Amino acid sequence: MEFRETPSFDMMLFAQNILVDGEALYQSPMLELEKEWSGLPGVGAAGSPPVPFQFSDDEANSIEEDACGAIRAMELMRDLKQSVGELWPEKGIVPPGQYDQVKALLDQSKVETIVRLAHSEAERIAWEEAWPYRH
């Protein structure tokens, strides 16, 4: 039970979700782990080996930027899901009788999201091209 409250356990959980959450959200806690390394339960018992990884300042900054971007992307998807509500197409599947309604909601959400986030024509085009829902 004690192990569950350690950074080591947290890293194992992150590793399970790396394909879902992405590399940035796995590397970000590693920055903290690097600072806490000597205090980890198994490190002292193993003879205090050195940290098996190191990040330069540039790498650390890049990791933090990527993690913030990943979190922001998840927040955007959560907002999109909330805007569609019960009609959210789980696993991309929409019942035929709801298709037109879901399509209209997703189109409306797309317009609102792009207006909110795009600050230039180039950004608007990038959002249009990257938008995950097409019909």
# chains A, B, ... in the order shown; residues from 1 in each chain; ligands from 1
call {"tool": "residues_around", "arguments": {"residues": "Glu128 (chain A)", "least_positions_apart": "4", "cutoff": "9 Å", "atoms": "only C-alpha atoms", "output": "list in words"}}
result
Lys110, Ile114, Glu123 and Arg124 of chain A
call {"tool": "write_last_selection", "arguments": {"atoms": "C-alpha atoms", "output": "PDB file, in the first residue's frame"}}
result
ATOM      1  CA  LYS A 110     -16.066  23.578 -34.889  1.00  0.00           C
ATOM      2  CA  ILE A 114     -11.915  28.009 -34.487  1.00  0.00           C
ATOM      3  CA  GLU A 123      -4.210  29.521 -37.936  1.00  0.00           C
ATOM      4  CA  ARG A 124      -7.819  29.250 -39.123  1.00  0.00           C
TER       5      ARG A 124
END
call {"tool": "closest_atom_pairs", "arguments": {"of": "region 62-95 of chain A", "to": "region 24-35 of chain A", "cutoff": "10 Å", "atoms": "only C-alpha atoms", "output": "Markdown table"}}
result
| residue | atom | partner | partner_atom | distance |
| --- | --- | --- | --- | --- |
| A:Ser62 | CA | A:Ala24 | CA | 9.0 |
| A:Ile63 | CA | A:Ala24 | CA | 5.9 |
| A:Glu64 | CA | A:Ser28 | CA | 6.1 |
| A:Glu65 | CA | A:Ala24 | CA | 8.5 |
| A:Asp66 | CA | A:Ala24 | CA | 5.4 |
| A:Ala67 | CA | A:Ala24 | CA | 4.8 |
| A:Cys68 | CA | A:Ala24 | CA | 8.5 |
| A:Gly69 | CA | A:Ala24 | CA | 8.7 |
| A:Ala70 | CA | A:Ala24 | CA | 7.1 |
| A:Ile71 | CA | A:Leu25 | CA | 8.1 |
call {"tool": "closest_residue", "arguments": {"among": "A:Glu75, A:Pro132, A:Ala104, A:Thr6", "to": "Leu87 (chain A)", "atoms": "only C-alpha atoms"}}
result
A:Ala104
call {"tool": "atom_distance", "arguments": {"atom1": "CA of Gly39 (chain A)", "atom2": "CA of Val51 (chain A)"}}
result
11.5 Å
call {"tool": "select_by_dssp", "arguments": {"residues": "chain A", "states": "helix (DSSP H, G or I)", "output": "ChimeraX atom specification"}}
result
/A:2-5,7-16,18-21,23-39,41-45,57-87,90-92,96-117,121-130
call {"tool": "closest_residue", "arguments": {"among": "A:Val84, A:Ala73, A:Ile125, A:Ala118", "to": "Leu106 (chain A)", "atoms": "only C-alpha atoms"}}
result
A:Val84
call {"tool": "residues_around", "arguments": {"residues": "Gly85 (chain A)", "least_positions_apart": "2", "cutoff": "12 Å", "atoms": "only C-alpha atoms", "output": "list in words"}}
result
Arg78, Asp79, Leu80, Lys81, Gln82, Ser83, Leu87, Trp88, Pro89, Glu90, Gln101, Val102, Leu105, Leu106 and Ser109 of chain A
call {"tool": "closest_residue", "arguments": {"among": "A:Ala60, A:Trp127, A:Leu76, A:Pro7", "to": "Gly42 (chain A)", "atoms": "only C-alpha atoms"}}
result
A:Pro7
call {"tool": "atom_distance", "arguments": {"atom1": "CA of Ser120 (chain A)", "atom2": "CA of Arg134 (chain A)"}}
result
22.0 Å
